[in-house]
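J.: This is work.txt (compact mmCIF, C-alpha atoms).
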```txt
# COMPACT_ATOMS: atom_id res chain seq x y z
CA MET A 311 8.35 -5.00 28.10
CA ARG A 312 8.45 -4.42 24.35
CA ARG A 313 6.25 -2.29 22.16
CA ILE A 314 5.37 -2.92 18.54
CA LEU A 315 3.57 -0.67 16.10
CA LEU A 316 1.00 -3.11 14.71
CA THR A 317 0.32 -1.48 11.36
CA ALA A 318 -2.30 -2.07 8.67
CA PRO A 319 -0.82 -0.40 5.55
CA ASP A 320 -3.74 -0.62 3.09
CA TYR A 321 -6.59 1.56 4.35
CA GLY A 322 -8.62 2.57 1.30
CA LEU A 323 -8.24 -0.72 -0.55
CA ALA A 324 -11.87 -1.83 -0.04
CA PHE A 325 -14.81 -1.04 2.23
CA GLY A 326 -14.45 -4.39 4.03
CA VAL A 327 -10.76 -3.75 4.70
CA ASP A 328 -11.48 -0.25 5.98
CA ARG A 329 -14.30 -1.37 8.29
CA ALA A 330 -12.13 -4.10 9.79
CA GLN A 331 -9.27 -1.70 10.45
CA ARG A 332 -11.54 0.87 12.08
CA GLU A 333 -13.03 -1.85 14.31
CA LEU A 334 -9.55 -2.86 15.42
CA VAL A 335 -8.59 0.77 16.09
CA ALA A 336 -11.73 1.28 18.19
CA ALA A 337 -10.91 -1.87 20.18
CA GLY A 338 -7.33 -0.78 20.80
CA LEU A 339 -5.95 -3.65 18.73
CA LEU A 340 -4.21 -1.70 15.98
CA SER A 341 -1.40 0.78 16.57
CA ALA A 342 -1.18 2.44 13.16
CA VAL A 343 -3.01 2.76 9.85
CA GLY A 344 -1.37 3.52 6.51
CA CYS A 345 -3.66 5.23 4.01
CA MET A 346 -3.67 4.56 0.27
CA VAL A 347 -4.82 7.96 -0.97
CA VAL A 348 -4.65 6.91 -4.64
CA SER A 349 -7.80 4.88 -4.01
CA ASP A 350 -11.08 6.43 -5.10
CA LEU A 351 -12.43 5.41 -1.67
CA TRP A 352 -10.15 7.84 0.17
CA THR A 353 -12.46 10.83 -0.28
CA ARG A 354 -15.27 8.88 1.43
CA GLU A 355 -13.33 6.82 3.94
CA TYR A 356 -10.99 9.40 5.50
CA LEU A 357 -13.65 10.92 7.78
CA PRO A 358 -14.84 7.65 9.40
CA LEU A 359 -11.17 6.84 10.08
CA ARG A 360 -10.46 10.23 11.63
CA ASP A 361 -13.58 10.01 13.81
CA THR A 362 -12.65 6.51 14.95
CA VAL A 363 -9.07 7.52 15.78
CA ASP A 364 -10.26 10.59 17.69
CA ALA A 365 -12.70 8.51 19.74
CA ALA A 366 -10.20 5.75 20.56
CA ARG A 367 -8.70 5.61 24.03
CA HIS A 368 -5.21 5.04 22.68
CA GLU A 369 -3.21 7.18 20.31
CA THR A 370 -3.27 5.56 16.89
CA LEU A 371 -0.78 6.75 14.29
CA VAL A 372 -2.19 7.53 10.86
CA GLY A 373 0.22 7.80 7.97
CA LEU A 374 0.62 7.65 4.22
CA THR A 375 1.26 4.48 2.25
CA VAL A 376 2.88 5.74 -0.92
CA THR A 377 1.46 3.57 -3.71
CA LEU A 378 3.32 3.39 -7.01
CA CYS A 379 2.07 0.14 -8.58
CA GLY A 380 -0.99 -0.95 -10.49
CA PRO A 381 -3.89 -1.35 -10.62
CA HIS A 382 -3.95 2.11 -9.06
CA MET A 383 -3.98 5.34 -11.05
CA PRO A 384 -1.40 8.12 -10.56
CA LEU A 385 -2.49 11.41 -9.00
CA SER A 386 0.03 13.85 -10.47
CA GLU A 387 -0.11 15.13 -14.03
CA ALA A 388 3.54 14.19 -14.56
CA ALA A 389 2.91 10.56 -13.56
CA GLN A 390 -0.28 10.39 -15.63
CA GLU A 391 1.64 11.55 -18.69
CA GLN A 392 4.34 8.94 -18.00
CA PHE A 393 2.15 5.97 -17.11
CA GLY A 394 -1.37 6.72 -18.30
CA ASP A 395 -4.26 5.35 -16.24
CA THR A 396 -2.31 2.70 -14.31
CA PHE A 397 1.03 2.53 -12.51
CA PRO A 398 3.51 -0.13 -13.64
CA GLY A 399 4.33 -3.14 -11.47
CA PRO A 400 7.08 -3.34 -8.82
CA PHE A 401 9.54 -4.95 -11.24
CA TRP A 402 9.42 -1.87 -13.48
CA TRP A 403 10.61 0.37 -10.64
CA ARG A 404 13.38 -2.00 -9.59
CA TRP A 405 14.51 -2.54 -13.17
CA ARG A 406 14.57 1.18 -14.03
CA SER A 407 16.43 1.95 -10.81
CA ALA A 408 19.04 -0.73 -11.49
CA LEU A 409 19.63 0.77 -14.96
CA ARG A 410 19.80 4.30 -13.48
CA LEU A 411 16.76 5.24 -15.56
CA LEU A 412 14.41 6.06 -12.69
CA PRO A 413 12.21 9.07 -13.65
CA GLU A 414 13.05 10.95 -10.44
CA GLU A 415 11.18 14.16 -11.31
CA VAL A 416 8.02 12.21 -12.12
CA LEU A 417 8.40 10.15 -8.96
CA ALA A 418 8.91 13.27 -6.83
CA ALA A 419 5.80 14.88 -8.31
CA GLU A 420 3.71 11.79 -7.58
CA VAL A 421 4.94 11.38 -4.01
CA ASP A 422 4.28 15.07 -3.38
CA ALA A 423 0.76 14.72 -4.83
CA GLN A 424 0.02 11.80 -2.51
CA PHE A 425 1.23 13.74 0.52
CA HIS A 426 -0.95 16.69 -0.51
CA ARG A 427 -4.01 14.50 -0.98
CA PHE A 428 -3.55 12.98 2.46
CA GLU A 429 -3.17 16.38 4.11
CA ASP A 430 -5.96 18.07 2.15
CA TYR A 431 -8.55 15.53 3.29
CA TYR A 432 -7.30 14.29 6.65
CA GLN A 433 -6.39 17.86 7.68
CA ARG A 434 -3.40 16.66 9.66
CA PRO A 435 0.15 15.79 8.75
CA ALA A 436 1.01 12.14 8.17
CA ASP A 437 2.52 10.53 11.26
CA PHE A 438 4.62 8.22 9.11
CA VAL A 439 5.31 7.27 5.51
CA HIS A 440 5.50 3.73 4.18
CA VAL A 441 6.02 2.63 0.57
CA ALA A 442 3.90 -0.27 -0.67
CA ASP A 443 5.33 -3.34 -2.43
CA ASP A 444 8.61 -3.08 -0.47
CA LEU A 445 9.87 -0.39 -2.83
CA MET A 446 11.52 1.47 0.04
CA ALA A 447 14.25 -1.15 -0.32
CA VAL A 448 15.17 0.41 -3.70
CA PRO A 449 17.74 3.05 -2.62
CA ARG A 450 17.31 5.46 -5.53
CA LEU A 451 13.53 5.40 -5.17
CA ALA A 452 13.80 5.68 -1.39
CA ARG A 453 15.96 8.80 -1.64
CA VAL A 454 13.25 10.57 -3.63
CA VAL A 455 10.58 9.59 -1.09
CA LEU A 456 12.80 10.74 1.78
CA ARG A 457 13.50 14.05 0.12
CA GLN A 458 9.79 14.74 -0.38
CA ALA A 459 9.04 13.66 3.19
CA SER A 460 11.69 16.02 4.57
CA GLN A 461 9.96 18.94 2.84
CA ARG A 462 6.68 18.53 4.75
CA ALA A 463 5.90 21.18 7.36
CA VAL A 464 5.88 18.37 9.92
CA PRO A 465 8.14 15.62 8.56
CA PRO A 466 6.77 12.09 9.13
CA GLN A 467 8.60 9.13 10.56
CA VAL A 468 9.84 6.76 7.87
CA ILE A 469 9.09 3.04 8.04
CA ALA A 470 12.33 1.27 7.16
CA PRO A 471 12.61 -1.42 4.49
CA ASP A 472 12.48 -5.05 5.54
CA LYS A 473 15.39 -5.99 7.77
CA GLY A 474 18.14 -7.61 5.79
CA ARG A 475 17.39 -5.86 2.50
CA ARG A 476 20.55 -4.63 0.76
CA GLY A 477 19.29 -1.08 0.56
CA LEU A 478 18.59 -0.70 4.27
CA ARG A 479 21.87 0.95 5.24
CA ALA A 480 21.74 3.37 2.32
CA VAL A 481 18.17 4.36 3.20
CA ARG A 482 19.11 4.92 6.84
CA ARG A 483 22.07 7.10 5.85
CA ALA A 484 19.90 9.17 3.53
CA ALA A 485 17.21 9.63 6.19
CA LYS A 486 19.77 10.71 8.78
CA ALA A 487 21.27 13.25 6.37
CA LEU A 488 17.80 14.77 5.87
CA GLY A 489 17.04 14.82 9.60
CA LEU A 490 14.26 12.24 9.34
CA GLU A 491 13.42 9.73 12.05
CA MET A 492 13.29 6.12 10.91
CA ARG A 493 11.25 3.39 12.55
CA SER A 494 12.53 -0.16 12.28
CA ARG A 495 10.35 -2.73 10.60
CA GLY A 496 9.85 -6.13 12.16
CA PRO A 497 8.62 -9.31 10.46
CA GLY A 498 5.02 -8.85 9.35
CA PHE A 499 2.26 -11.32 10.00
CA PRO A 500 2.45 -14.17 7.45
CA PHE A 501 -0.04 -13.79 4.61
CA PRO A 502 -1.82 -15.94 3.70
CA ALA A 503 -1.70 -18.04 6.86
CA HIS A 504 -3.84 -20.15 9.15
CA VAL A 505 -4.48 -19.39 12.82
CA ALA A 506 -1.70 -21.75 13.90
CA ASP A 507 0.78 -19.73 11.82
CA LEU A 508 -0.50 -16.45 13.26
CA ARG A 509 -0.22 -17.83 16.78
CA ALA A 510 3.33 -19.00 16.12
CA HIS A 511 4.26 -15.60 14.71
CA VAL A 512 3.30 -13.83 17.94
CA TRP A 513 4.96 -16.52 20.07
CA ARG A 514 8.22 -16.91 18.14
CA GLY A 515 8.27 -14.66 15.08
CA LEU A 516 8.44 -11.41 17.05
CA ASN A 517 11.36 -12.52 19.24
CA GLY A 518 14.18 -10.02 18.99
CA VAL A 519 12.10 -7.34 17.27
CA PRO A 520 13.40 -3.88 18.28
CA ASP A 521 11.24 -1.87 20.64
CA GLY A 522 8.76 0.25 18.69
CA ALA A 523 9.23 -1.62 15.42
CA ALA A 524 6.44 -1.53 12.83
CA VAL A 525 4.85 -4.94 12.27
CA MET A 526 2.63 -5.12 9.20
CA CYS A 527 -0.70 -6.95 9.05
CA GLN A 528 -3.51 -7.16 6.47
CA PRO A 529 -6.85 -7.76 8.21
CA GLY A 530 -10.13 -7.32 6.39
CA GLU A 531 -13.54 -8.64 5.44
CA ALA A 532 -14.59 -9.60 1.94
CA ASP A 533 -16.87 -7.24 0.03
CA ASP A 534 -17.72 -6.93 -3.66
CA ARG A 535 -14.75 -4.68 -4.35
CA LEU A 536 -12.27 -6.97 -2.62
CA ARG A 537 -13.72 -10.03 -4.40
CA ARG A 538 -12.97 -8.37 -7.73
CA SER A 539 -9.40 -7.45 -6.83
CA GLU A 540 -8.08 -10.36 -4.75
CA PRO A 541 -8.21 -14.16 -5.10
CA PRO A 542 -10.34 -16.13 -2.61
CA VAL A 543 -7.28 -17.33 -0.70
CA ALA A 544 -6.27 -13.74 0.08
CA GLN A 545 -9.81 -12.81 1.14
CA GLU A 546 -9.95 -15.81 3.47
CA ALA A 547 -6.54 -14.93 4.89
CA ARG A 548 -7.67 -11.38 5.66
CA ALA A 549 -10.79 -12.64 7.43
CA GLU A 550 -8.80 -15.22 9.42
CA LEU A 551 -6.27 -12.59 10.52
CA PHE A 552 -9.08 -10.17 11.43
CA GLY A 553 -10.72 -12.82 13.59
CA PHE A 554 -7.42 -13.72 15.25
CA LEU A 555 -6.59 -10.10 16.11
CA LYS A 556 -10.02 -9.70 17.73
CA SER A 557 -9.70 -12.89 19.75
CA GLU A 558 -8.94 -13.30 23.44
CA GLU A 559 -6.13 -15.62 22.40
CA PHE A 560 -4.28 -12.75 20.71
CA LEU A 561 -4.59 -10.59 23.83
CA LEU A 562 -3.39 -13.42 26.06
CA LEU A 563 -0.40 -14.04 23.78
CA LEU A 564 0.54 -10.37 23.99
CA VAL A 565 0.39 -10.51 27.79
CA GLU A 566 2.44 -13.72 27.96
CA LYS A 567 5.07 -12.29 25.61
CA ASP A 568 5.05 -8.91 27.44
CA ILE A 569 4.26 -7.07 24.20
CA PHE A 570 2.37 -3.77 24.12
CA LEU A 571 0.73 -2.21 21.08
CA TYR A 572 1.00 1.40 22.31
```
In structure tokens, how does this file's structure come out?
T.:
Amino acid sequence: MRRILLTAPDYGLAFGVDRAQRELVAAGLLSAVGCMVVSDLWTREYLPLRDTVDAARHETLVGLTVTLCGPHMPLSEAAQEQFGDTFPGPFWWRWRSALRLLPEEVLAAEVDAQFHRFEDYYQRPADFVHVADDLMAVPRLARVVLRQASQRAVPPQVIAPDKGRRGLRAVRRAAKALGLEMRSRGPGFPFPAHVADLRAHVWRGLNGVPDGAAVMCQPGEADDRLRRSEPPVAQEARAELFGFLKSEEFLLLLVEKDIFLY
């Protein structure tokens, strides 16, 4: 028997994405939800999520997806002064880190603001913290996130960078020094992908994944907001993944592979 933490990391991206994730939580088909509190939808969408999680038969982890890239707007004053109305892209963070020019005080203020926003609305500590755009693999950036996480009243688990990334060992060492628990990250569902690819991922792609590893997925349904922000191929991929996760085939594959979601 092996357990995976099937995790949707982008709650708050669009109404269609949020509805799909709540439906999967209610059906016991999603183990964890990562919330993007920088989204203007968070103040409206946190309560339906909390109600759905409370009503579910299985314990669903709800955590924070730290978001540091555009088109989202920073929450902290320090980050707004640095970046204006929109975060830079992932390359900016990696480039500044490589040159040892990472604005660590600004980053710390923004991460702290996102933790506060999650806690102020959800009224519970984050079960885990994940950093979008694979930026947890940037060791200098990861150390700042870990430090802010360790200062929470109830420190969250930390979702590790992708396996094989150069920064993984450094991040693990830093987390251990701060007394934080790390959760391994397995290969996420391919995106975009057709049903045959999704089927193959469950059958072969999850072989050897450590027990309890976080496996990322991006289900959703298209709505006006998502149509404005994502290309049609991504919208179709979200819908196809959503349908696959709800299917009897997915449940049968889990049984055959002896995989549990909780």
J.: Report the centre and edge lengths, in Å to one decimal, of an axis-aligned box enclosing every atom of region 339-350 of chain A listed in the file, padded by 3 Å on each side, as lines of an AutoDock Vina configuration file.
T.:
```
center_x = -6.1
center_y = 2.2
center_z = 6.8
size_x = 15.9
size_y = 17.6
size_z = 29.8
```
J.: Can you tell me how far CA of Arg453 (chain A) sits from CA of Arg482 (chain A), in Å to one decimal?
T.: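 According to the coordinates, CA of Arg453 (chain A) and CA of Arg482 (chain A) are separated by 9.8 Å.
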J.: Considering all atoms listed in the file, state which residue in the set A:Leu516, A:Arg457, A:Glu420, A:Ala447 is at the smallest distance from Gly489 (chain A).
T.: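 So, comparing all the options, the nearest one is A:Arg457.
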J.: So, counting all atoms listed in the file, which residue among A:Phe325, A:Phe401, A:Phe501, A:Phe438 is closest to Arg548 (chain A)?
T.: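 Selected residue with least distance to Arg548 (chain A): A:Phe501.
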J.: Between CA of His504 (chain A) and CA of Glu550 (chain A), what distance in Å does the model show, to one decimal?
T.: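 Value for the CA of His504 (chain A)-CA of Glu550 (chain A) distance: 7.0 Å.
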J.: For the atom pair CA of Leu562 (chain A) and CA of Arg313 (chain A), what is the interatomic distance in Å to one decimal place?
T.: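 Answer for the CA of Leu562 (chain A) to CA of Arg313 (chain A) separation: 15.2 Å.
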J.: List the spatial neighbours of Pro381 (chain A) as a PyMOL selection string - criterion: any atom at most 12 Å away, all atoms listed in the file, same-chain residues fewer than 5 positions off excluded.
T.: chain A and resi 323+348-350+393-400+538-540
J.: Residues near Val343 (chain A), anyone? I mean within 7 Å using all atoms listed in the file, not counting same-chain ones fewer than 6 positions away, as a PyMOL selection string.
T.: chain A and resi 317-319+321+371-373
J.: Measuring atom to atom with all atoms listed in the file, identify which of A:Gly530, A:Arg514, A:Trp402, A:Ala389 is nearest to Leu564 (chain A).
T.: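 Ranking A:Gly530, A:Arg514, A:Trp402, A:Ala389 by distance to Leu564 (chain A), first place goes to A:Arg514.
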J.: When distances are computed from all atoms listed in the file, which of A:His382, A:Arg537, A:Arg434, A:His440 shows the smallest separation from Leu351 (chain A)?
T.: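 Once distances to Leu351 (chain A) are computed over all atoms listed in the file, the minimum belongs to A:His382.
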J.: Quick one: residues within 6 Å of Asp320 (chain A), all atoms listed in the file, excluding same-chain residues fewer than 6 positions away - as a PDB file with C-alpha atoms, keeping the file's coordinate frame?
T.:
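Writing done, so here's around-v1.pdb:
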```
ATOM      1  CA  GLY A 344      -1.370   3.520   6.510  1.00  0.00           C
ATOM      2  CA  CYS A 345      -3.660   5.230   4.010  1.00  0.00           C
ATOM      3  CA  MET A 346      -3.670   4.560   0.270  1.00  0.00           C
TER       4      MET A 346
END
```
J.: Given the choices A:Ser341, A:Thr377, A:Gln390, A:Ser407, which gets closest to Asp444 (chain A) if the distance is worked out from all atoms listed in the file?
T.: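 For Asp444 (chain A), the nearest of the candidates is A:Thr377.
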J.: Between A:Ile569, A:Ala365, A:Cys379, A:Val421, which is the closest to Gly518 (chain A) once you count all atoms listed in the file?
T.: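 Comparing A:Ile569, A:Ala365, A:Cys379, A:Val421 against Gly518 (chain A), the winner is A:Ile569.
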